[in-house]
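Trainee: Here you go, this is coords19.txt (compact mmCIF, C-alpha atoms and all ligand atoms).
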# COMPACT_ATOMS: atom_id res chain seq x y z
CA MET A 339 64.97 144.05 55.14
CA HIS A 340 64.63 147.16 57.38
CA ARG A 341 68.09 148.47 58.36
CA GLY A 342 67.52 148.26 62.10
CA LEU A 343 66.04 144.83 61.82
CA ARG A 344 68.89 143.68 59.61
CA ALA A 345 71.52 144.94 62.07
CA GLY A 346 69.70 143.23 64.91
CA TRP A 347 69.51 140.00 62.95
CA MET A 348 73.21 140.12 62.11
CA PHE A 349 74.03 140.75 65.73
CA ALA A 350 71.94 137.75 66.72
CA VAL A 351 73.77 135.54 64.19
CA ALA A 352 77.16 136.76 65.39
CA ALA A 353 76.14 136.27 69.01
CA GLY A 354 74.92 132.78 68.11
CA LEU A 355 78.25 131.96 66.58
CA LEU A 356 80.03 133.19 69.67
CA VAL A 357 77.78 131.07 71.84
CA CYS A 358 78.63 128.15 69.56
CA ALA A 359 82.33 128.86 69.86
CA GLY A 360 81.97 129.46 73.59
CA SER A 361 80.22 126.16 74.08
CA GLY A 362 83.03 124.41 72.20
CA MET A 363 80.97 123.60 69.08
CA ALA A 364 83.94 123.34 66.77
CA GLN A 365 83.81 122.67 63.06
CA THR A 366 85.17 119.29 62.01
CA ARG A 367 86.60 118.87 58.54
CA LEU A 368 86.40 115.40 57.02
CA ARG A 369 88.13 113.96 53.96
CA ALA A 370 86.17 111.87 51.48
CA TRP A 371 87.84 109.64 48.87
CA ASN A 372 86.30 109.14 45.45
CA ILE A 373 87.67 107.63 42.24
CA HIS A 374 85.32 109.24 39.71
CA PRO A 375 85.28 112.64 37.96
CA ASP A 376 82.84 115.52 38.41
CA GLY A 377 79.40 114.90 37.00
CA TYR A 378 79.63 111.12 37.52
CA PRO A 379 76.67 109.74 39.56
CA VAL A 380 78.94 108.68 42.45
CA THR A 381 80.54 112.11 42.67
CA GLU A 382 77.26 113.99 42.55
CA ALA A 383 75.70 111.74 45.19
CA MET A 384 78.72 112.19 47.48
CA LYS A 385 78.51 115.96 47.11
CA SER A 386 74.85 115.87 47.99
CA PHE A 387 75.70 113.69 51.02
CA ALA A 388 78.28 116.27 52.14
CA GLN A 389 75.80 119.13 51.75
CA GLN A 390 73.11 117.34 53.67
CA VAL A 391 75.45 116.43 56.52
CA ALA A 392 76.60 120.06 56.77
CA LYS A 393 72.99 121.23 56.84
CA ALA A 394 71.75 118.67 59.35
CA THR A 395 74.67 119.34 61.73
CA GLN A 396 74.37 123.14 61.39
CA GLY A 397 77.76 123.26 59.68
CA ARG A 398 79.64 121.40 62.41
CA TYR A 399 80.71 118.69 59.90
CA GLN A 400 82.26 119.80 56.62
CA ILE A 401 83.07 117.00 54.19
CA GLU A 402 85.48 117.69 51.37
CA VAL A 403 85.18 115.26 48.45
CA PHE A 404 88.55 114.45 46.81
CA SER A 405 87.58 113.04 43.41
CA ASN A 406 89.52 111.25 40.67
CA ALA A 407 91.52 109.11 43.13
CA THR A 408 93.80 112.07 43.89
CA LEU A 409 94.38 110.62 47.38
CA GLY A 410 95.55 107.26 45.98
CA ASP A 411 94.17 104.19 44.24
CA GLN A 412 91.31 102.15 45.63
CA PRO A 413 93.12 99.35 47.54
CA LYS A 414 95.24 102.05 49.19
CA ALA A 415 92.15 104.08 50.08
CA VAL A 416 90.51 100.99 51.63
CA GLN A 417 93.50 100.78 53.98
CA MET A 418 93.47 104.56 54.58
CA LEU A 419 89.85 104.42 55.70
CA LYS A 420 90.60 101.49 57.98
CA SER A 421 93.45 103.36 59.63
CA GLY A 422 91.42 106.59 59.94
CA GLU A 423 93.60 108.58 57.49
CA ILE A 424 90.45 109.40 55.53
CA ASP A 425 86.96 109.51 56.98
CA VAL A 426 84.52 108.86 54.14
CA ALA A 427 84.78 106.91 50.87
CA GLU A 428 82.82 105.26 48.11
CA PHE A 429 84.18 101.83 47.25
CA SER A 430 83.35 99.18 44.73
CA SER A 431 82.76 95.76 46.25
CA GLY A 432 85.84 94.28 44.53
CA PRO A 433 88.70 95.85 46.52
CA LEU A 434 86.48 96.16 49.59
CA SER A 435 85.84 92.43 49.71
CA ASP A 436 89.55 91.65 49.96
CA ALA A 437 89.51 93.51 53.30
CA VAL A 438 86.23 91.91 54.37
CA PRO A 439 85.92 88.27 53.28
CA GLY A 440 82.29 88.11 54.49
CA ILE A 441 81.15 90.22 51.53
CA LYS A 442 83.01 88.32 48.79
CA VAL A 443 79.87 86.82 47.31
CA LEU A 444 78.85 90.28 46.14
CA ASN A 445 81.35 89.96 43.30
CA LEU A 446 80.40 86.51 42.11
CA PRO A 447 79.56 86.37 38.41
CA PHE A 448 75.88 85.94 37.50
CA LEU A 449 74.73 86.09 41.08
CA PHE A 450 72.33 89.01 40.79
CA THR A 451 70.25 89.18 37.63
CA ASP A 452 70.01 92.98 37.69
CA SER A 453 70.20 95.99 40.01
CA ALA A 454 66.58 95.58 41.13
CA HIS A 455 67.32 92.02 42.28
CA MET A 456 70.49 93.20 44.02
CA PHE A 457 68.79 96.06 45.89
CA ARG A 458 65.95 93.79 47.01
CA HIS A 459 68.59 91.97 49.02
CA LEU A 460 70.78 94.91 49.99
CA ASP A 461 67.90 97.08 51.20
CA GLY A 462 66.73 94.19 53.38
CA LYS A 463 68.06 91.69 55.92
CA LEU A 464 70.99 90.59 53.81
CA GLY A 465 72.17 94.17 53.44
CA GLU A 466 72.12 94.47 57.23
CA ARG A 467 74.27 91.35 57.49
CA PHE A 468 76.79 92.64 54.97
CA SER A 469 76.84 95.98 56.80
CA ALA A 470 77.53 94.21 60.10
CA ASN A 471 80.46 92.31 58.52
CA LEU A 472 81.81 95.54 57.11
CA GLN A 473 81.41 97.42 60.37
CA ALA A 474 83.34 94.73 62.25
CA ALA A 475 86.19 95.35 59.79
CA GLY A 476 86.20 99.16 60.14
CA PHE A 477 83.67 100.33 57.53
CA VAL A 478 80.27 101.75 58.43
CA VAL A 479 77.93 101.54 55.42
CA LEU A 480 75.72 104.61 55.00
CA GLY A 481 74.36 103.79 51.57
CA TRP A 482 74.45 101.08 48.91
CA TYR A 483 75.23 102.61 45.53
CA ASP A 484 74.78 100.95 42.14
CA GLY A 485 77.91 99.40 40.63
CA GLY A 486 75.91 98.52 37.52
CA SER A 487 76.58 95.49 35.38
CA ARG A 488 79.99 94.80 33.93
CA SER A 489 80.88 93.58 30.45
CA PHE A 490 84.13 93.00 28.52
CA TYR A 491 85.61 95.34 25.95
CA CYS A 492 88.65 94.78 23.76
CA ALA A 493 90.91 96.79 21.50
CA GLN A 494 92.05 94.35 18.80
CA ARG A 495 89.81 91.36 19.14
CA ALA A 496 86.04 91.39 18.79
CA PRO A 497 84.76 88.59 21.04
CA ALA A 498 81.50 86.96 20.03
CA ASN A 499 81.99 83.85 22.12
CA ILE A 500 83.50 83.21 25.53
CA ARG A 501 86.30 81.20 23.85
CA ASP A 502 87.35 84.36 22.03
CA LEU A 503 88.67 85.73 25.32
CA ALA A 504 91.10 82.82 25.79
CA GLY A 505 94.71 83.97 25.90
CA ALA A 506 93.80 87.67 26.16
CA SER A 507 95.43 89.94 28.74
CA ILE A 508 92.43 91.31 30.57
CA ARG A 509 92.66 94.17 33.03
CA VAL A 510 90.95 93.46 36.33
CA GLN A 511 90.41 95.43 39.52
CA GLN A 512 93.06 94.70 42.13
CA SER A 513 90.85 92.09 43.72
CA GLU A 514 91.21 88.33 44.13
CA ILE A 515 87.81 87.22 42.91
CA TYR A 516 88.16 89.08 39.58
CA THR A 517 91.56 87.48 39.03
CA GLU A 518 90.08 84.04 39.67
CA MET A 519 87.25 84.71 37.23
CA ILE A 520 89.58 85.66 34.38
CA LYS A 521 91.79 82.63 34.94
CA LEU A 522 88.73 80.39 34.60
CA LEU A 523 88.23 81.88 31.13
CA ASP A 524 91.77 80.75 30.20
CA ALA A 525 92.74 84.40 29.92
CA LYS A 526 95.48 86.35 31.69
CA PRO A 527 94.37 88.70 34.49
CA VAL A 528 96.33 91.96 34.69
CA ALA A 529 95.57 93.80 37.93
CA LEU A 530 95.84 97.52 37.27
CA PRO A 531 94.59 100.62 39.10
CA PHE A 532 91.53 102.11 37.41
CA LYS A 533 93.40 105.26 36.37
CA GLU A 534 96.08 103.24 34.56
CA VAL A 535 93.79 101.25 32.30
CA LEU A 536 93.73 103.80 29.49
CA ALA A 537 97.55 103.82 29.36
CA GLY A 538 97.42 100.00 29.36
CA PHE A 539 95.37 100.08 26.16
CA GLU A 540 97.62 102.76 24.66
CA LYS A 541 100.79 100.80 25.33
CA GLY A 542 99.18 97.50 24.35
CA THR A 543 99.93 95.87 27.70
CA ILE A 544 96.28 94.81 27.91
CA ASP A 545 93.95 93.52 25.21
CA CYS A 546 90.67 93.88 27.09
CA ALA A 547 89.12 95.21 30.29
CA GLU A 548 85.71 94.89 31.86
CA ASN A 549 83.48 97.49 33.45
CA ASN A 550 80.03 99.04 33.47
CA MET A 551 79.05 101.40 30.66
CA PRO A 552 79.29 104.70 32.59
CA SER A 553 82.92 103.93 33.48
CA TYR A 554 83.65 102.67 29.95
CA GLU A 555 82.51 106.06 28.74
CA SER A 556 83.84 108.42 31.47
CA THR A 557 87.38 106.99 31.28
CA GLY A 558 87.53 107.24 27.49
CA HIS A 559 88.31 103.51 27.22
CA TYR A 560 85.75 103.34 24.42
CA LYS A 561 88.06 105.37 22.19
CA LEU A 562 90.65 102.59 22.18
CA ALA A 563 88.64 99.46 22.98
CA LYS A 564 85.67 99.60 20.66
CA ASN A 565 84.51 96.01 20.81
CA VAL A 566 82.11 95.45 23.67
CA TYR A 567 81.07 91.90 24.48
CA VAL A 568 77.87 92.40 26.46
CA THR A 569 78.02 89.67 29.08
CA ASN A 570 76.78 91.60 32.16
CA HIS A 571 78.83 89.04 34.07
CA VAL A 572 78.97 90.95 37.36
CA VAL A 573 76.11 92.96 38.82
CA SER A 574 77.47 94.36 42.07
CA PRO A 575 76.96 97.19 44.54
CA GLU A 576 79.27 99.91 45.74
CA ALA A 577 79.17 101.35 49.22
CA LEU A 578 79.32 104.80 50.73
CA VAL A 579 81.21 104.22 53.97
CA VAL A 580 82.64 106.13 56.90
CA SER A 581 85.40 104.88 59.16
CA THR A 582 84.50 103.27 62.46
CA ALA A 583 86.97 105.75 63.99
CA LEU A 584 84.75 108.65 62.89
CA TRP A 585 81.54 106.80 63.75
CA GLY A 586 82.81 106.25 67.29
CA LYS A 587 83.20 110.00 67.77
CA LEU A 588 79.71 110.98 66.56
CA SER A 589 76.86 111.68 68.95
CA ALA A 590 73.69 109.62 68.53
CA GLU A 591 72.01 112.60 66.90
CA ASP A 592 74.87 113.17 64.45
CA ARG A 593 74.92 109.48 63.56
CA LYS A 594 71.28 109.79 62.64
CA ALA A 595 72.05 112.82 60.46
CA PHE A 596 74.89 110.97 58.68
CA ALA A 597 72.77 107.83 58.18
CA GLU A 598 69.84 109.77 56.74
CA ALA A 599 72.09 111.75 54.42
CA GLY A 600 73.72 108.49 53.28
CA ALA A 601 70.41 106.77 52.57
CA GLN A 602 69.17 109.76 50.59
CA SER A 603 72.37 110.04 48.61
CA ALA A 604 72.01 106.36 47.66
CA LEU A 605 68.55 106.98 46.24
CA LEU A 606 69.85 109.96 44.30
CA MET A 607 72.80 107.94 43.03
CA ARG A 608 70.62 105.09 41.77
CA ASP A 609 68.43 107.51 39.90
CA LEU A 610 71.36 109.36 38.33
CA TRP A 611 72.90 106.00 37.51
CA ASN A 612 70.04 104.77 35.35
CA LYS A 613 70.13 107.95 33.32
CA ARG A 614 73.90 107.77 32.97
CA VAL A 615 73.83 104.17 31.70
CA ALA A 616 71.50 105.21 28.87
CA GLN A 617 73.67 108.26 28.06
CA ALA A 618 76.87 106.22 28.06
CA LEU A 619 75.45 103.66 25.65
CA GLU A 620 74.35 106.40 23.31
CA THR A 621 77.62 108.36 23.42
CA THR A 622 79.88 105.35 22.95
CA ALA A 623 77.75 103.88 20.15
CA LYS A 624 77.83 107.24 18.34
CA GLN A 625 81.61 107.24 18.64
CA GLY A 626 81.89 103.84 17.02
CA ALA A 627 81.67 101.31 19.86
CA GLN A 628 80.31 97.96 18.62
CA PHE A 629 78.14 95.88 20.92
CA VAL A 630 77.86 92.11 20.60
CA ARG A 631 75.38 90.60 23.03
CA VAL A 632 76.17 87.21 24.50
CA LYS A 633 73.77 84.65 22.98
CA ASP A 634 73.97 81.85 25.48
CA ILE A 635 75.43 82.59 28.88
CA SER A 636 75.51 78.97 30.09
CA PRO A 637 79.05 78.08 28.86
CA PHE A 638 80.35 81.13 30.79
CA VAL A 639 78.38 80.17 33.92
CA ARG A 640 79.67 76.57 33.73
CA ARG A 641 83.25 77.82 33.59
CA MET A 642 82.64 79.65 36.88
CA ALA A 643 81.67 76.44 38.69
CA PRO A 644 84.93 76.26 40.72
CA LEU A 645 84.25 79.76 42.05
CA TYR A 646 80.73 78.90 43.17
CA GLY A 647 82.06 75.70 44.73
CA LYS A 648 84.73 77.59 46.61
CA TYR A 649 82.35 80.13 48.13
CA MET A 650 79.74 77.51 48.94
CA LYS A 651 82.31 75.67 51.01
CA ASP A 652 83.55 78.84 52.68
CA PRO A 653 81.68 79.30 55.99
CA THR A 654 82.02 83.12 55.77
CA THR A 655 80.05 83.27 52.50
CA ARG A 656 77.91 80.13 52.29
CA GLU A 657 74.81 81.42 54.03
CA GLU A 658 74.72 84.68 52.08
CA LEU A 659 75.16 82.81 48.82
CA LEU A 660 72.32 80.41 49.61
CA THR A 661 70.03 83.30 50.56
CA ILE A 662 70.68 85.10 47.27
CA ILE A 663 70.29 82.13 44.96
CA SER A 664 67.09 81.01 46.64
CA LYS A 665 65.30 84.36 46.10
C1 LIG A 701 84.14 101.28 38.44
C2 LIG A 701 83.93 101.44 39.92
C3 LIG A 701 85.23 101.82 40.59
C4 LIG A 701 86.29 100.82 40.26
C5 LIG A 701 86.40 100.68 38.76
C6 LIG A 701 87.48 99.68 38.35
O1 LIG A 701 82.96 102.42 40.17
O2 LIG A 701 85.05 101.89 41.99
O3 LIG A 701 87.51 101.21 40.75
O4 LIG A 701 85.15 100.32 38.21
O5 LIG A 701 87.23 98.86 37.50
O6 LIG A 701 82.96 100.84 37.83
O7 LIG A 701 88.57 99.77 38.92
Could you render the structure from this file as structure tokens?
Mentor:
Amino acid sequence: MHRGLRAGWMFAVAAGLLVCAGSGMAQTRLRAWNIHPDGYPVTEAMKSFAQQVAKATQGRYQIEVFSNATLGDQPKAVQMLKSGEIDVAEFSSGPLSDAVPGIKVLNLPFLFTDSAHMFRHLDGKLGERFSANLQAAGFVVLGWYDGGSRSFYCAQRAPANIRDLAGASIRVQQSEIYTEMIKLLDAKPVALPFKEVLAGFEKGTIDCAENNMPSYESTGHYKLAKNVYVTNHVVSPEALVVSTALWGKLSAEDRKAFAEAGAQSALLMRDLWNKRVAQALETTAKQGAQFVRVKDISPFVRRMAPLYGKYMKDPTTREELLTIISK
């Protein structure tokens, strides 16, 4: 660029900044909670969300993503978002549903057949209803992320039948519905923070855990718990949320910028997710993980009958449940 032009341009930028400062356009720093490491689809999608928000608000909103649960474990972070201590987070529907009973059905075993089925509902009317329930409880959903499908994996035993899980100590998320599910398998639920599961396997305080394949791989659980029982028992979403406290402070235009960035980050996440599932299966299999696919899921589904009964009776979940099973 020509020197004179360049100087003029720089002056204009500086003057612009002064005008910004003069008109009180301050920069707001926001804290985002995340449980996963760098490179994980959730982390990358959150970073892209942060970049897009910064761009669309001309740098007025700067979101810092704190990964690896450095700000605390998930149930704690759910409370921190509610109280406005953090502004943005990505939560799995397990711990989130304890704070918002109206979304509990999202964790029911064998409810969604796969992610495509789940997103047909979440990207439509039902998703709007879940979002409204969440917003009333302090969480504004900006994007539905893929929580994948969860299966069991064990260190010593190699389950090939649902009865093989009886008596096992199985790590679950700190969430009521997961605890109920394990009890119905005659196993012992052990609620542990995500980051403590590896130590649980090392110390032998748990026999098994359950998760999707990208988490099985990224946590290194596959090194200690090599026997995967492929049940795909829970297909559930995760949510990128901001606090209602933050939402209340945003202008209509900024809300639009946040919402668009959230929706785009969700599409990116889903795409990265599918690739990561394939990679995780390959890596763990190469490292010796053994996969036994469930042959007949019906005994497992029958065991869950009390759970379905409970949420059918519950007026906060009945309608959602009926909508999902009818389509
Ligand atoms: C992972 C979820 C994460 C949960 C974790 C768990 O992405 O949010 O905390 O499972 O099992 O798949 O705790």
Trainee: (85.0, 101.3, 45.3) in this file's frame - what residues fall within 10 Å of it? Use only C-alpha atoms and give the answer as a short mmCIF file (atom, residue, chain, number, x, y, z; two decimals) with C-alpha atoms, keeping the file's coordinate frame.
Mentor:
data_model
loop_
_atom_site.label_atom_id
_atom_site.label_comp_id
_atom_site.auth_asym_id
_atom_site.auth_seq_id
_atom_site.Cartn_x
_atom_site.Cartn_y
_atom_site.Cartn_z
CA TRP A 371 87.84 109.64 48.87
CA ASN A 372 86.30 109.14 45.45
CA ILE A 373 87.67 107.63 42.24
CA HIS A 374 85.32 109.24 39.71
CA VAL A 380 78.94 108.68 42.45
CA ASP A 411 94.17 104.19 44.24
CA GLN A 412 91.31 102.15 45.63
CA PRO A 413 93.12 99.35 47.54
CA ALA A 415 92.15 104.08 50.08
CA VAL A 416 90.51 100.99 51.63
CA ALA A 427 84.78 106.91 50.87
CA GLU A 428 82.82 105.26 48.11
CA PHE A 429 84.18 101.83 47.25
CA SER A 430 83.35 99.18 44.73
CA SER A 431 82.76 95.76 46.25
CA GLY A 432 85.84 94.28 44.53
CA PRO A 433 88.70 95.85 46.52
CA LEU A 434 86.48 96.16 49.59
CA SER A 435 85.84 92.43 49.71
CA TYR A 483 75.23 102.61 45.53
CA GLY A 485 77.91 99.40 40.63
CA GLN A 511 90.41 95.43 39.52
CA PRO A 575 76.96 97.19 44.54
CA GLU A 576 79.27 99.91 45.74
CA ALA A 577 79.17 101.35 49.22
CA LEU A 578 79.32 104.80 50.73
CA VAL A 579 81.21 104.22 53.97
#
Trainee: In Å to one decimal, how far is atom CA of Pro379 of chain A from atom CA of Lys613 of chain A?
Mentor: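 Here the two named atoms are 9.2 Å from each other.
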Trainee: Mind giving me the straight-line distance from atom CA of Gln400 of chain A to atom CA of Leu368 of chain A in Å, one decimal?
Mentor: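 Interatomic distance here is 6.1 Å.
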Trainee: Tell me, in Å to one decimal, how far atom CA of Ile544 of chain A is from atom CA of Ala525 of chain A.
Mentor: 11.2 Å
Trainee: Counting only C-alpha atoms and all ligand atoms, which of A:Asp484, A:Asp461, A:Asp425, A:Glu382 gets nearest to ligand LIG 701 (chain A)?
Mentor: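 Answer, going by the shortest atom-to-atom distance: A:Asp484.
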Trainee: Choose the residue, out of A:Phe468, A:Trp585, A:Tyr649, A:Phe490, that has the smallest atom-to-atom separation from ligand LIG 701 (chain A); count only C-alpha atoms and all ligand atoms.
Mentor: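 Result for the nearest residue to ligand LIG 701 (chain A): A:Phe490.
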Trainee: I'd like the neighbourhood of Phe539 of chain A as a short mmCIF file (atom, residue, chain, number, x, y, z; two decimals) with C-alpha atoms, in the frame of the given file, where a residue qualifies if any of its atoms comes within 12 Å (using all atoms listed in the file), though same-chain residues fewer than 2 positions away should be ignored.
Mentor:
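Final output, saved to part03.cif:
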data_model
loop_
_atom_site.label_atom_id
_atom_site.label_comp_id
_atom_site.auth_asym_id
_atom_site.auth_seq_id
_atom_site.Cartn_x
_atom_site.Cartn_y
_atom_site.Cartn_z
CA TYR A 491 85.61 95.34 25.95
CA CYS A 492 88.65 94.78 23.76
CA ALA A 493 90.91 96.79 21.50
CA GLN A 494 92.05 94.35 18.80
CA SER A 507 95.43 89.94 28.74
CA ILE A 508 92.43 91.31 30.57
CA ARG A 509 92.66 94.17 33.03
CA VAL A 528 96.33 91.96 34.69
CA LEU A 530 95.84 97.52 37.27
CA LYS A 533 93.40 105.26 36.37
CA GLU A 534 96.08 103.24 34.56
CA VAL A 535 93.79 101.25 32.30
CA LEU A 536 93.73 103.80 29.49
CA ALA A 537 97.55 103.82 29.36
CA LYS A 541 100.79 100.80 25.33
CA GLY A 542 99.18 97.50 24.35
CA THR A 543 99.93 95.87 27.70
CA ILE A 544 96.28 94.81 27.91
CA ASP A 545 93.95 93.52 25.21
CA CYS A 546 90.67 93.88 27.09
CA ALA A 547 89.12 95.21 30.29
CA THR A 557 87.38 106.99 31.28
CA GLY A 558 87.53 107.24 27.49
CA HIS A 559 88.31 103.51 27.22
CA TYR A 560 85.75 103.34 24.42
CA LYS A 561 88.06 105.37 22.19
CA LEU A 562 90.65 102.59 22.18
CA ALA A 563 88.64 99.46 22.98
CA LYS A 564 85.67 99.60 20.66
#
Trainee: Around all the atoms of ligand LIG 701 (chain A) listed in the file, draw an axis-aligned box and extend it by 8 Å on each of the six sides; I want its centre and edge lengths in Å to one decimal, as AutoDock Vina command-line options.
Mentor:
--center_x 85.8 --center_y 100.6 --center_z 39.7 --size_x 21.6 --size_y 19.6 --size_z 20.5
Trainee: Have a look at A:Gly465, A:Gly481, A:Pro552, A:Gly505 and name the one nearest to ligand LIG 701 (chain A); count only C-alpha atoms and all ligand atoms.
Mentor: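 Once distances to ligand LIG 701 (chain A) are computed over only C-alpha atoms and all ligand atoms, the minimum belongs to A:Pro552.
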Trainee: Could you name the residues that touch Gln617 of chain A at 12 Å or less, counting all atoms listed in the file, but leaving out those on the same chain fewer than 5 positions away, as JSON, numbers by chain?
Mentor: {"A": [378, 379, 551, 552, 553, 554, 555, 556, 610, 611, 612, 622, 623, 624]}
Trainee: Excluding same-chain residues fewer than 5 positions from Phe638 of chain A, what lies within 10 Å of it counting only C-alpha atoms, as a list of chain:residue names?
Mentor: A:Pro447, A:Phe448, A:Asn499, A:Ile500, A:Arg501, A:Leu522, A:Leu523, A:Thr569, A:His571, A:Val632, A:Ala643
Trainee: Residues of the last selection are to be written out with C-alpha atoms, as a tab-separated table (two decimals), in the frame of the given file.
Mentor:
chain	number	residue	atom	x	y	z
A	447	PRO	CA	79.56	86.37	38.41
A	448	PHE	CA	75.88	85.94	37.50
A	499	ASN	CA	81.99	83.85	22.12
A	500	ILE	CA	83.50	83.21	25.53
A	501	ARG	CA	86.30	81.20	23.85
A	522	LEU	CA	88.73	80.39	34.60
A	523	LEU	CA	88.23	81.88	31.13
A	569	THR	CA	78.02	89.67	29.08
A	571	HIS	CA	78.83	89.04	34.07
A	632	VAL	CA	76.17	87.21	24.50
A	643	ALA	CA	81.67	76.44	38.69
Trainee: Give the answer as one residue: which of A:Pro527, A:Pro439, A:Gly410, A:Gly586 has the shortest atom-to-atom distance to Ala475 of chain A, using all atoms listed in the file?
Mentor: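 Of the candidates, the smallest distance to Ala475 of chain A is held by A:Pro439.
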Trainee: Between A:Leu464, A:Val403, A:Ala529, A:Val568, single out the one closest to Leu660 of chain A, counting all atoms listed in the file.
Mentor: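 Residue with the minimum atom-to-atom distance to Leu660 of chain A: A:Leu464.
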Trainee: Counting all atoms listed in the file, which residue out of A:Ala364, A:Val510, A:Leu605, A:Ala470 sits closest to ligand LIG 701 (chain A)?
Mentor: A:Val510
